[in-house]
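The next block is model03.txt, given as compact mmCIF, C-alpha atoms.
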# COMPACT_ATOMS: atom_id res chain seq x y z
CA MET A 1 68.79 -40.06 43.09
CA ASP A 2 68.34 -36.73 44.72
CA THR A 3 64.70 -35.62 44.49
CA ASP A 4 65.58 -31.95 44.01
CA ALA A 5 67.81 -32.84 41.05
CA GLN A 6 65.02 -34.85 39.40
CA LEU A 7 62.58 -31.96 39.72
CA ALA A 8 65.09 -29.59 38.17
CA GLN A 9 65.32 -31.77 35.04
CA LEU A 10 61.52 -31.75 34.39
CA PRO A 11 60.26 -29.15 31.87
CA GLU A 12 58.61 -26.20 33.50
CA ARG A 13 54.83 -26.20 33.18
CA ASP A 14 53.27 -23.23 31.36
CA ARG A 15 51.24 -21.52 34.06
CA SER A 16 49.80 -18.80 31.83
CA PRO A 17 45.94 -18.75 31.76
CA ASP A 18 45.84 -18.82 27.91
CA PRO A 19 48.82 -20.73 26.56
CA ASP A 20 49.92 -20.05 22.99
CA GLU A 21 48.59 -22.92 20.87
CA GLY A 22 50.56 -21.90 17.83
CA GLU A 23 49.68 -20.00 14.68
CA GLY A 24 48.45 -23.12 12.93
CA ARG A 25 45.88 -23.89 15.63
CA ARG A 26 44.28 -20.46 15.74
CA SER A 27 40.95 -20.15 13.98
CA ARG A 28 40.79 -18.10 10.82
CA SER A 29 37.98 -16.01 12.28
CA ALA A 30 40.26 -15.02 15.16
CA ARG A 31 43.16 -14.08 12.88
CA PHE A 32 41.16 -12.10 10.31
CA PRO A 33 40.22 -9.06 12.45
CA ALA A 34 43.82 -8.63 13.57
CA ARG A 35 45.09 -8.79 9.99
CA ALA A 36 42.37 -6.39 8.85
CA ARG A 37 43.39 -3.90 11.52
CA GLN A 38 47.03 -4.23 10.51
CA TRP A 39 46.11 -3.72 6.84
CA LEU A 40 44.10 -0.61 7.59
CA ALA A 41 46.73 0.83 9.92
CA GLY A 42 49.47 0.16 7.39
CA GLY A 43 47.75 2.12 4.64
CA GLY A 44 47.10 5.25 6.62
CA PRO A 45 44.19 7.69 6.12
CA LEU A 46 44.19 7.28 2.32
CA ARG A 47 43.54 3.55 2.50
CA ARG A 48 40.80 4.01 5.10
CA ALA A 49 39.14 6.70 2.98
CA GLY A 50 39.24 4.43 -0.08
CA LEU A 51 37.67 1.57 1.85
CA LEU A 52 34.96 3.88 3.17
CA LEU A 53 34.23 5.04 -0.38
CA ILE A 54 33.89 1.45 -1.59
CA VAL A 55 31.53 0.59 1.26
CA CYS A 56 29.41 3.66 0.48
CA LEU A 57 29.26 2.78 -3.23
CA VAL A 58 28.20 -0.77 -2.48
CA PHE A 59 25.50 0.54 -0.14
CA VAL A 60 24.22 2.99 -2.76
CA LEU A 61 24.14 0.29 -5.45
CA LEU A 62 22.21 -2.07 -3.17
CA VAL A 63 19.67 0.63 -2.32
CA SER A 64 19.39 1.55 -6.01
CA SER A 65 18.88 -2.07 -7.04
CA TYR A 66 16.22 -2.99 -4.50
CA VAL A 67 14.67 0.11 -2.88
CA VAL A 68 14.90 3.49 -4.66
CA GLN A 69 16.64 4.26 -7.94
CA PRO A 70 17.28 7.66 -9.51
CA PHE A 71 16.06 7.83 -13.11
CA LEU A 72 17.34 10.52 -15.47
CA ILE A 73 14.55 11.83 -17.72
CA PRO A 74 16.00 11.44 -21.22
CA SER A 75 13.32 13.06 -23.40
CA GLY A 76 10.36 15.43 -23.45
CA SER A 77 7.69 12.73 -23.71
CA MET A 78 6.48 13.38 -20.14
CA LYS A 79 6.38 17.19 -20.22
CA SER A 80 5.25 19.15 -18.37
CA THR A 81 5.21 16.68 -15.48
CA PHE A 82 8.95 16.15 -16.00
CA GLN A 83 11.59 18.17 -17.78
CA ILE A 84 14.56 16.74 -19.66
CA GLY A 85 17.37 16.20 -17.15
CA ASP A 86 15.13 15.80 -14.10
CA ARG A 87 16.20 13.06 -11.69
CA VAL A 88 13.14 11.10 -10.66
CA LEU A 89 13.27 8.73 -7.69
CA VAL A 90 11.69 5.40 -8.57
CA ASN A 91 10.13 3.44 -5.73
CA LYS A 92 11.01 -0.20 -6.41
CA LEU A 93 9.02 -1.46 -3.43
CA ALA A 94 5.73 0.04 -4.65
CA TYR A 95 4.62 -3.17 -6.37
CA ARG A 96 6.66 -5.78 -4.50
CA PHE A 97 4.08 -6.91 -1.93
CA GLY A 98 1.02 -7.75 -3.97
CA ASN A 99 0.21 -4.22 -5.12
CA GLU A 100 -0.18 -3.52 -8.83
CA PRO A 101 0.03 -0.31 -10.88
CA ARG A 102 -3.13 1.78 -10.91
CA ARG A 103 -4.50 4.15 -13.52
CA GLY A 104 -2.66 7.45 -13.29
CA ASP A 105 0.57 6.03 -11.84
CA VAL A 106 3.80 7.07 -13.53
CA ILE A 107 5.95 3.98 -13.94
CA VAL A 108 9.41 3.06 -15.17
CA PHE A 109 9.49 -0.22 -17.09
CA ASP A 110 11.63 -2.41 -19.29
CA GLY A 111 10.21 -2.09 -22.79
CA THR A 112 11.77 -5.30 -24.10
CA ASP A 113 9.19 -7.38 -26.01
CA SER A 114 6.66 -4.52 -25.94
CA PHE A 115 8.27 -1.27 -27.07
CA VAL A 116 11.54 -2.87 -28.19
CA GLN A 117 11.47 -6.20 -30.02
CA THR A 118 15.25 -6.65 -30.22
CA ARG A 119 17.52 -5.57 -27.37
CA PRO A 120 20.26 -3.25 -28.74
CA ALA A 121 23.79 -4.65 -28.69
CA GLU A 122 26.09 -2.99 -26.15
CA ASN A 123 29.74 -3.37 -25.27
CA PRO A 124 29.93 -5.30 -21.95
CA VAL A 125 32.32 -2.80 -20.35
CA ALA A 126 30.26 0.18 -21.52
CA ALA A 127 27.10 -1.56 -20.29
CA LEU A 128 28.64 -2.05 -16.84
CA VAL A 129 29.75 1.58 -16.62
CA ARG A 130 26.35 2.80 -17.82
CA LYS A 131 24.49 0.57 -15.37
CA GLY A 132 26.55 1.82 -12.44
CA ALA A 133 26.30 5.48 -13.43
CA SER A 134 22.59 5.34 -14.30
CA SER A 135 21.82 3.66 -11.00
CA VAL A 136 22.82 6.88 -9.23
CA GLY A 137 21.30 9.18 -11.88
CA LEU A 138 24.55 10.25 -13.53
CA MET A 139 23.83 8.79 -16.98
CA ARG A 140 20.82 8.10 -19.12
CA PRO A 141 19.07 4.80 -18.45
CA ALA A 142 19.26 1.82 -20.78
CA ALA A 143 17.70 2.29 -24.21
CA THR A 144 15.05 -0.25 -23.24
CA ASP A 145 13.89 1.62 -20.10
CA TYR A 146 10.90 3.96 -20.41
CA ILE A 147 8.85 6.23 -18.18
CA LYS A 148 5.13 6.64 -18.97
CA ARG A 149 1.76 7.08 -17.28
CA VAL A 150 -0.58 4.12 -16.79
CA VAL A 151 -3.85 4.83 -18.63
CA GLY A 152 -5.37 1.35 -18.73
CA ILE A 153 -4.97 -1.81 -16.63
CA GLY A 154 -5.91 -5.40 -17.42
CA GLY A 155 -9.50 -5.67 -18.68
CA ASP A 156 -9.93 -1.93 -19.38
CA ARG A 157 -11.29 -0.73 -22.68
CA VAL A 158 -9.31 2.36 -23.69
CA ARG A 159 -10.39 4.37 -26.68
CA CYS A 160 -9.82 7.77 -28.19
CA CYS A 161 -11.43 9.88 -28.87
CA ASP A 162 -15.08 10.55 -28.04
CA LYS A 163 -17.17 13.22 -29.81
CA ARG A 164 -15.63 15.90 -27.62
CA GLY A 165 -12.07 14.72 -28.28
CA ARG A 166 -11.58 13.10 -24.87
CA LEU A 167 -9.92 9.84 -23.87
CA GLU A 168 -12.34 7.19 -22.63
CA VAL A 169 -11.65 4.33 -20.21
CA ASN A 170 -14.46 1.80 -19.73
CA GLY A 171 -16.89 4.22 -21.33
CA ARG A 172 -16.07 7.07 -18.95
CA PRO A 173 -14.43 10.27 -20.30
CA VAL A 174 -11.15 11.16 -18.62
CA LEU A 175 -10.22 14.81 -18.11
CA GLU A 176 -6.44 14.64 -18.36
CA ASP A 177 -5.33 17.86 -16.71
CA TYR A 178 -1.74 16.60 -16.64
CA LEU A 179 -1.36 16.80 -20.44
CA PHE A 180 1.17 19.18 -21.95
CA PRO A 181 -0.59 22.49 -22.69
CA GLY A 182 -2.08 22.48 -26.18
CA ASP A 183 -1.85 18.69 -26.66
CA GLU A 184 -4.79 16.58 -27.73
CA PRO A 185 -5.35 13.21 -26.00
CA SER A 186 -4.37 11.54 -29.27
CA GLN A 187 -4.01 12.57 -32.89
CA VAL A 188 -4.67 9.00 -34.04
CA PRO A 189 -7.84 7.09 -33.06
CA PHE A 190 -7.55 3.77 -31.26
CA ASP A 191 -9.81 1.37 -29.41
CA ILE A 192 -8.31 -1.49 -27.39
CA VAL A 193 -9.17 -3.86 -24.57
CA VAL A 194 -6.07 -4.27 -22.40
CA PRO A 195 -5.23 -7.97 -21.82
CA GLU A 196 -5.05 -9.22 -18.24
CA GLY A 197 -1.59 -8.87 -16.75
CA LYS A 198 -0.76 -5.98 -19.09
CA LEU A 199 -0.79 -2.16 -18.99
CA TRP A 200 -1.62 0.51 -21.55
CA VAL A 201 0.76 3.44 -21.06
CA MET A 202 1.03 6.89 -22.63
CA GLY A 203 3.23 9.95 -22.28
CA ASP A 204 1.91 13.24 -20.91
CA HIS A 205 3.29 15.13 -23.93
CA ARG A 206 1.17 13.21 -26.41
CA SER A 207 2.47 14.95 -29.52
CA ASP A 208 6.07 14.11 -28.53
CA SER A 209 5.60 10.65 -27.04
CA ARG A 210 6.17 7.25 -28.55
CA ASP A 211 4.04 5.01 -26.36
CA SER A 212 1.54 2.14 -26.51
CA ARG A 213 -0.18 3.70 -29.53
CA ASP A 214 2.93 3.32 -31.66
CA HIS A 215 3.19 -0.43 -31.13
CA LEU A 216 -0.38 -1.60 -31.72
CA GLY A 217 0.61 -3.72 -34.72
CA GLU A 218 3.64 -5.31 -33.06
CA PRO A 219 3.86 -8.41 -30.82
CA GLY A 220 2.26 -7.51 -27.51
CA GLY A 221 0.05 -4.88 -29.11
CA GLY A 222 1.82 -2.03 -27.34
CA THR A 223 0.88 -3.25 -23.85
CA VAL A 224 3.48 -3.65 -21.09
CA PRO A 225 3.61 -6.87 -19.00
CA LEU A 226 3.30 -6.32 -15.26
CA ASP A 227 6.52 -8.21 -14.59
CA HIS A 228 8.42 -5.69 -16.75
CA VAL A 229 7.57 -2.81 -14.40
CA ILE A 230 10.66 -1.58 -12.54
CA GLY A 231 8.91 0.75 -10.13
CA ARG A 232 6.74 3.82 -9.60
CA ALA A 233 8.04 7.37 -9.93
CA ASP A 234 7.21 8.93 -6.55
CA TRP A 235 9.49 11.99 -6.29
CA ILE A 236 11.44 14.50 -8.31
CA GLY A 237 14.79 14.63 -6.53
CA TRP A 238 16.75 16.99 -8.75
CA PRO A 239 17.16 19.86 -9.54
CA LEU A 240 16.57 21.27 -6.08
CA GLY A 241 14.13 23.88 -7.33
CA ARG A 242 11.84 21.14 -8.69
CA MET A 243 11.96 18.77 -5.73
CA THR A 244 8.46 17.48 -5.04
CA SER A 245 6.47 14.33 -4.39
CA LEU A 246 4.26 12.97 -7.15
CA LYS A 247 0.62 12.20 -6.47
CA ARG A 248 -1.78 10.09 -8.47
CA PRO A 249 -4.12 12.46 -10.37
CA GLY A 250 -7.85 12.36 -9.76
CA ALA A 251 -8.60 12.05 -13.48
CA PHE A 252 -9.37 8.31 -13.17
CA ALA A 253 -11.30 8.46 -9.89
CA ASP A 254 -14.69 7.95 -11.59
CA VAL A 255 -13.59 5.26 -14.04
CA PRO A 256 -15.52 2.02 -13.35
CA ASP A 257 -13.67 -1.25 -13.03
CA PRO A 258 -13.89 -3.77 -15.88
CA GLY A 259 -17.03 -5.84 -15.51
CA ASP A 260 -19.08 -3.12 -13.82
CA PRO A 261 -22.46 -2.49 -15.52
CA GLY A 262 -22.14 -0.01 -18.36
CA HIS A 263 -18.34 -0.01 -18.39
CA GLY A 264 -18.27 -0.33 -22.18
CA ALA A 265 -16.43 -3.62 -22.62
CA GLY A 266 -15.94 -5.03 -26.04
CA GLY A 267 -14.36 -3.69 -29.16
CA GLY A 268 -11.01 -4.36 -30.65
CA HIS A 269 -8.38 -1.88 -31.66
CA LEU A 270 -8.15 0.65 -34.44
CA GLY A 271 -5.60 3.12 -35.61
CA GLY A 272 -2.00 2.94 -36.66
CA PRO A 273 1.39 4.47 -35.89
CA HIS A 274 1.39 7.72 -34.01
CA GLY A 275 3.65 10.43 -35.27
Take the structure in the file and write it out as structure tokens.
Amino acid sequence: MDTDAQLAQLPERDRSPDPDEGEGRRSRSARFPARARQWLAGGGPLRRAGLLLIVCLVFVLLVSSYVVQPFLIPSGSMKSTFQIGDRVLVNKLAYRFGNEPRRGDVIVFDGTDSFVQTRPAENPVAALVRKGASSVGLMRPAATDYIKRVVGIGGDRVRCCDKRGRLEVNGRPVLEDYLFPGDEPSQVPFDIVVPEGKLWVMGDHRSDSRDSRDHLGEPGGGTVPLDHVIGRADWIGWPLGRMTSLKRPGAFADVPDPGDPGHGAGGGHLGGPHG
């Protein structure tokens, strides 16, 4: 047989440097970017804008869930530190690395099992909408979320009032210059030793605040567990005219720690509901 004829009958070898292995043999990871580009190109600017919006929303929700969350002030219980409608930025990392709330800190916390014994029922769809909107400060927070000032930490004896009408922590009078003008430290007497791992919290507008004093006779005695703290209010972010950072007041600087000589440990609790 003629050699040239035999060579002509053999299939031609594919000399391309990257032969096509077929759609079925391509990896999914290699196909996905191409399909994604086709999908984006096919939708035009509107589709790309929608995708960008979704990415931004996801980013905002992640930041709000784990780093900083806007909190809409729903009532006047913290006047005049905050006004109704203020957006406060809550630092969720403040107590994540071994730090704990200190006297004078303003905290946001989940009041379930301390201020609220039964979680209110809520429609699942409405709850999802509220959670998303409140996470960016567009709606009021959940009914179980509160913002108050830490007055006593675990082991502190907190009582009110002394002969001059002042709050006392561990036997030391506290000059609360952050109180709403004209307010007394408390209209109802109380005397409590804060359990370890708990916090005693009060509003700055004492005559318009339902706080630890109101729940003395309930399970938990009005104290807030540390693991219910959501974060520390560090900034007022809105309105623009009220933008400022929040600093811990010096009112508690001279308060001795529990166990220090003469700190005034002991006692139980007195008093009842606060109007």
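CA of Asp156 in chain A is positioned 24.3 Å from CA of Gln117 in chain A.
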Interatomic distance (Å, one decimal) between CA of Thr118 in chain A and CA of Val88 in chain A:
26.5 Å
Using only C-alpha atoms, pick whichever of A:Trp200, A:Phe82, A:Tyr95, A:Trp235 has the shortest atom-to-atom distance to Gly154 in chain A.
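Of A:Trp200, A:Phe82, A:Tyr95, A:Trp235, the one nearest Gly154 in chain A is A:Trp200, counting only C-alpha atoms.
For the pair CA of Thr81 in chain A and CA of Met202 in chain A, the separation is 12.8 Å.
Of the residues listed (A:Ser245, A:Ser114, A:Ser75, A:Gln83), A:Ser114 shows the shortest atom-to-atom separation from Gly222 in chain A; distances use all atoms listed in the file.
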Compute the distance from (8.8, -1.9, -15.6) to each atom, counting only C-alpha atoms, keep the residues with any atom at most 8 Å away, and return them as a compact mmCIF listing (two decimals) with C-alpha atoms, in the coordinates of the input; use the coordinates of the file.
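So the final result, stored in point.txt, reads:
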# COMPACT_ATOMS: atom_id res chain seq x y z
CA ILE A 107 5.95 3.98 -13.94
CA VAL A 108 9.41 3.06 -15.17
CA PHE A 109 9.49 -0.22 -17.09
CA ASP A 110 11.63 -2.41 -19.29
CA GLY A 111 10.21 -2.09 -22.79
CA ASP A 145 13.89 1.62 -20.10
CA TYR A 146 10.90 3.96 -20.41
CA VAL A 224 3.48 -3.65 -21.09
CA PRO A 225 3.61 -6.87 -19.00
CA LEU A 226 3.30 -6.32 -15.26
CA ASP A 227 6.52 -8.21 -14.59
CA HIS A 228 8.42 -5.69 -16.75
CA VAL A 229 7.57 -2.81 -14.40
CA ILE A 230 10.66 -1.58 -12.54
CA GLY A 231 8.91 0.75 -10.13
Contacts of Asp105 in chain A within 7 Å, only C-alpha atoms, excl. fewer than 6 positions in-chain, as a list in words:
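Listing them by chain and then by number gives Arg149, Val150, Arg232 and Arg248 of chain A.
With all atoms listed in the file as the atoms that count, the residue of A:Phe180, A:Asp191, A:Ala143, A:Val201 with the shortest distance to Cys161 in chain A is A:Asp191.
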Shortest interatomic distance to Gly155 in chain A - which of A:Val55, A:Pro258, A:Pro185, A:Arg210, counting all atoms listed in the file:
A:Pro258
When distances are computed from all atoms listed in the file, which of A:Val151, A:Val255, A:Asp260, A:Gly241 shows the smallest separation from Asp86 in chain A?
A:Gly241
Calculated over all atoms listed in the file, which of the candidates A:Ile153, A:Leu246, A:Leu46, A:Leu179 has the smallest distance to Arg102 in chain A?
A:Ile153
